[in-house]
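Have a look at the structure below, then the notes.
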Amino acid sequence: MAGIDKKEEIMMHLKSLFDLDNLIVDMQAYKKVGFKIEEDIGLINLKKMRAEILKKIPKEYSDAYERLRKRYPLAIAEVKNGFCFGCFQQLPTEMLTKQKDIVTCPNCGRILFWREE
């Protein structure tokens, strides 16, 4: 991908994986409540997409993501005003300069991302 570095590409894939996981969980919840979903075709397609994205992420990051996903419903947390929106703890000041790096919250361990404003 031209114009973005490797870390930005990995983070983009992690965010996509996160979004897909949320869609899969939502669809499964809708089925439990009684909504009619096209015979799991949507779920199967989402799971295939998830597997494809997972292949694009280096093993160290995908393993960390999967571990976090088992621990928390949300493995990735946004940072706003210096706070992790996973655990709502203020981040150390030196972490706020690492917006281009792939970092985890020192309190909860979630992968952090900063939204472009």
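Residue numbering restarts at 1 for every chain of the structure tokens, chains are lettered A, B, ... in their displayed order, and ligands are numbered from 1 as they appear.
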Got a sec to tell me which of chain A DSSP assigns to strand (DSSP E or B), as a list of chain:residue names?
A:Ile76, A:Ala77, A:Glu78, A:Val79, A:Lys80, A:Phe83, A:Cys84, A:Gln90, A:Thr104, A:Ile111, A:Leu112, A:Phe113, A:Trp114
Put those residues in a file: C-alpha atoms, as a compact mmCIF listing (two decimals), in the first residue's frame.
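Output contents, as saved in selection_39.txt:
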# COMPACT_ATOMS: atom_id res chain seq x y z
CA ILE A 76 -8.67 -2.33 20.89
CA ALA A 77 -9.36 0.96 22.63
CA GLU A 78 -9.42 4.51 21.36
CA VAL A 79 -7.39 7.21 23.08
CA LYS A 80 -9.14 10.53 23.69
CA PHE A 83 -7.35 8.54 28.35
CA CYS A 84 -7.66 4.90 27.32
CA GLN A 90 -5.16 8.41 32.04
CA THR A 104 -0.81 -1.12 24.50
CA ILE A 111 -4.07 -2.11 21.83
CA LEU A 112 -4.44 1.67 21.57
CA PHE A 113 -5.34 3.80 18.60
CA TRP A 114 -5.71 7.51 18.08
Would you mind listing what lies within 12 Å of Ile57 of chain A as a list in words, with only C-alpha atoms counted and same-chain residues fewer than 2 positions away left out?
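So, after excluding close chain neighbours, the residues are Lys6, Lys7, Glu8, Glu9, Ile10, Met11, Met12, His13, Leu14, Lys15, Ser16, Leu17, Arg50, Ala51, Glu52, Ile53, Leu54, Lys55, Lys59, Glu60, Tyr61, Ser62, Asp63, Ala64, Tyr65 and Glu66 of chain A.
The coordinates place atom CA of Leu68 of chain A at 26.6 Å from atom CA of Val33 of chain A.
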Between atom CA of Tyr30 of chain A and atom CA of Pro73 of chain A, what is the distance, to one decimal in Å?
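Here the two named atoms are 16.7 Å from each other.
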Please identify which residues in chain A DSSP calls helix (DSSP H, G or I) from the backbone, and express them as a ChimeraX atom specification.
/A:6-33,41-56,59-71,93-97
Pick out the residues sitting within 9 Å of Pro106 of chain A, and hand them over as an mmCIF file with N, CA and C atoms, in the first residue's frame; count only C-alpha atoms, and ignore anything fewer than 4 positions along from it in its own chain.
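Wrote it out as around-v8.cif, contents follow:
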data_model
loop_
_atom_site.group_PDB
_atom_site.id
_atom_site.type_symbol
_atom_site.label_atom_id
_atom_site.label_comp_id
_atom_site.auth_asym_id
_atom_site.auth_seq_id
_atom_site.Cartn_x
_atom_site.Cartn_y
_atom_site.Cartn_z
ATOM 1 N N LEU A 91 -3.383 7.972 30.474
ATOM 2 C CA LEU A 91 -2.128 7.380 30.015
ATOM 3 C C LEU A 91 -0.952 8.246 30.441
ATOM 4 N N PRO A 92 0.204 7.608 30.659
ATOM 5 C CA PRO A 92 1.399 8.405 30.960
ATOM 6 C C PRO A 92 1.704 9.359 29.792
ATOM 7 N N ARG A 110 -4.908 -3.244 26.477
ATOM 8 C CA ARG A 110 -5.537 -3.176 25.159
ATOM 9 C C ARG A 110 -4.635 -2.448 24.170
#
Might you pull out every residue within 12 Å of Met27 of chain A, with only C-alpha atoms counted and same-chain residues fewer than 4 positions away left off, and present them as a PDB file with N, CA and C atoms, in the first residue's frame?
ATOM      1  N   LEU A  20     -14.803  -6.278  12.280  1.00  0.00           N
ATOM      2  CA  LEU A  20     -15.418  -7.539  11.871  1.00  0.00           C
ATOM      3  C   LEU A  20     -15.846  -8.369  13.076  1.00  0.00           C
ATOM      4  N   ASP A  21     -14.990  -8.420  14.088  1.00  0.00           N
ATOM      5  CA  ASP A  21     -15.345  -9.167  15.297  1.00  0.00           C
ATOM      6  C   ASP A  21     -16.612  -8.607  15.935  1.00  0.00           C
ATOM      7  N   ASN A  22     -16.728  -7.290  15.955  1.00  0.00           N
ATOM      8  CA  ASN A  22     -17.933  -6.668  16.512  1.00  0.00           C
ATOM      9  C   ASN A  22     -19.168  -7.002  15.684  1.00  0.00           C
ATOM     10  N   LEU A  23     -19.025  -7.025  14.356  1.00  0.00           N
ATOM     11  CA  LEU A  23     -20.149  -7.401  13.494  1.00  0.00           C
ATOM     12  C   LEU A  23     -20.568  -8.849  13.726  1.00  0.00           C
ATOM     13  N   LYS A  31     -29.306 -13.256  16.269  1.00  0.00           N
ATOM     14  CA  LYS A  31     -29.899 -14.584  16.081  1.00  0.00           C
ATOM     15  C   LYS A  31     -30.480 -15.111  17.384  1.00  0.00           C
ATOM     16  N   LYS A  32     -29.768 -14.888  18.489  1.00  0.00           N
ATOM     17  CA  LYS A  32     -30.238 -15.370  19.786  1.00  0.00           C
ATOM     18  C   LYS A  32     -31.554 -14.709  20.190  1.00  0.00           C
ATOM     19  N   VAL A  33     -31.711 -13.450  19.810  1.00  0.00           N
ATOM     20  CA  VAL A  33     -32.911 -12.707  20.178  1.00  0.00           C
ATOM     21  C   VAL A  33     -34.091 -13.085  19.277  1.00  0.00           C
ATOM     22  N   GLY A  34     -33.794 -13.688  18.131  1.00  0.00           N
ATOM     23  CA  GLY A  34     -34.867 -14.134  17.262  1.00  0.00           C
ATOM     24  C   GLY A  34     -34.935 -13.472  15.906  1.00  0.00           C
ATOM     25  N   PHE A  35     -33.996 -12.604  15.581  1.00  0.00           N
ATOM     26  CA  PHE A  35     -33.970 -11.996  14.252  1.00  0.00           C
ATOM     27  C   PHE A  35     -33.615 -13.059  13.228  1.00  0.00           C
ATOM     28  N   LYS A  36     -34.227 -12.960  12.075  1.00  0.00           N
ATOM     29  CA  LYS A  36     -33.928 -13.898  10.990  1.00  0.00           C
ATOM     30  C   LYS A  36     -32.704 -13.397  10.239  1.00  0.00           C
ATOM     31  N   ILE A  37     -31.699 -14.245  10.172  1.00  0.00           N
ATOM     32  CA  ILE A  37     -30.483 -13.910   9.436  1.00  0.00           C
ATOM     33  C   ILE A  37     -30.333 -14.967   8.349  1.00  0.00           C
ATOM     34  N   GLU A  38     -30.010 -14.531   7.150  1.00  0.00           N
ATOM     35  CA  GLU A  38     -29.887 -15.419   6.002  1.00  0.00           C
ATOM     36  C   GLU A  38     -29.014 -16.634   6.292  1.00  0.00           C
ATOM     37  N   GLU A  39     -29.601 -17.658   6.855  1.00  0.00           N
ATOM     38  CA  GLU A  39     -28.974 -18.968   7.059  1.00  0.00           C
ATOM     39  C   GLU A  39     -27.456 -18.915   7.258  1.00  0.00           C
ATOM     40  N   ASP A  40     -27.015 -18.060   8.082  1.00  0.00           N
ATOM     41  CA  ASP A  40     -25.605 -17.957   8.452  1.00  0.00           C
ATOM     42  C   ASP A  40     -24.682 -17.567   7.300  1.00  0.00           C
ATOM     43  N   ILE A  41     -25.228 -17.246   6.127  1.00  0.00           N
ATOM     44  CA  ILE A  41     -24.360 -16.864   5.010  1.00  0.00           C
ATOM     45  C   ILE A  41     -23.572 -15.617   5.378  1.00  0.00           C
ATOM     46  N   GLY A  42     -24.248 -14.659   5.993  1.00  0.00           N
ATOM     47  CA  GLY A  42     -23.562 -13.438   6.409  1.00  0.00           C
ATOM     48  C   GLY A  42     -22.466 -13.729   7.407  1.00  0.00           C
ATOM     49  N   LEU A  43     -22.745 -14.597   8.366  1.00  0.00           N
ATOM     50  CA  LEU A  43     -21.736 -14.957   9.366  1.00  0.00           C
ATOM     51  C   LEU A  43     -20.557 -15.681   8.737  1.00  0.00           C
ATOM     52  N   ILE A  44     -20.841 -16.593   7.829  1.00  0.00           N
ATOM     53  CA  ILE A  44     -19.763 -17.344   7.167  1.00  0.00           C
ATOM     54  C   ILE A  44     -18.871 -16.402   6.380  1.00  0.00           C
ATOM     55  N   ASN A  45     -19.479 -15.470   5.651  1.00  0.00           N
ATOM     56  CA  ASN A  45     -18.693 -14.497   4.879  1.00  0.00           C
ATOM     57  C   ASN A  45     -17.844 -13.612   5.785  1.00  0.00           C
ATOM     58  N   LEU A  46     -18.414 -13.169   6.893  1.00  0.00           N
ATOM     59  CA  LEU A  46     -17.650 -12.342   7.833  1.00  0.00           C
ATOM     60  C   LEU A  46     -16.471 -13.123   8.405  1.00  0.00           C
ATOM     61  N   LYS A  47     -16.689 -14.385   8.717  1.00  0.00           N
ATOM     62  CA  LYS A  47     -15.607 -15.205   9.273  1.00  0.00           C
ATOM     63  C   LYS A  47     -14.513 -15.464   8.243  1.00  0.00           C
TER      64      LYS A  47
END
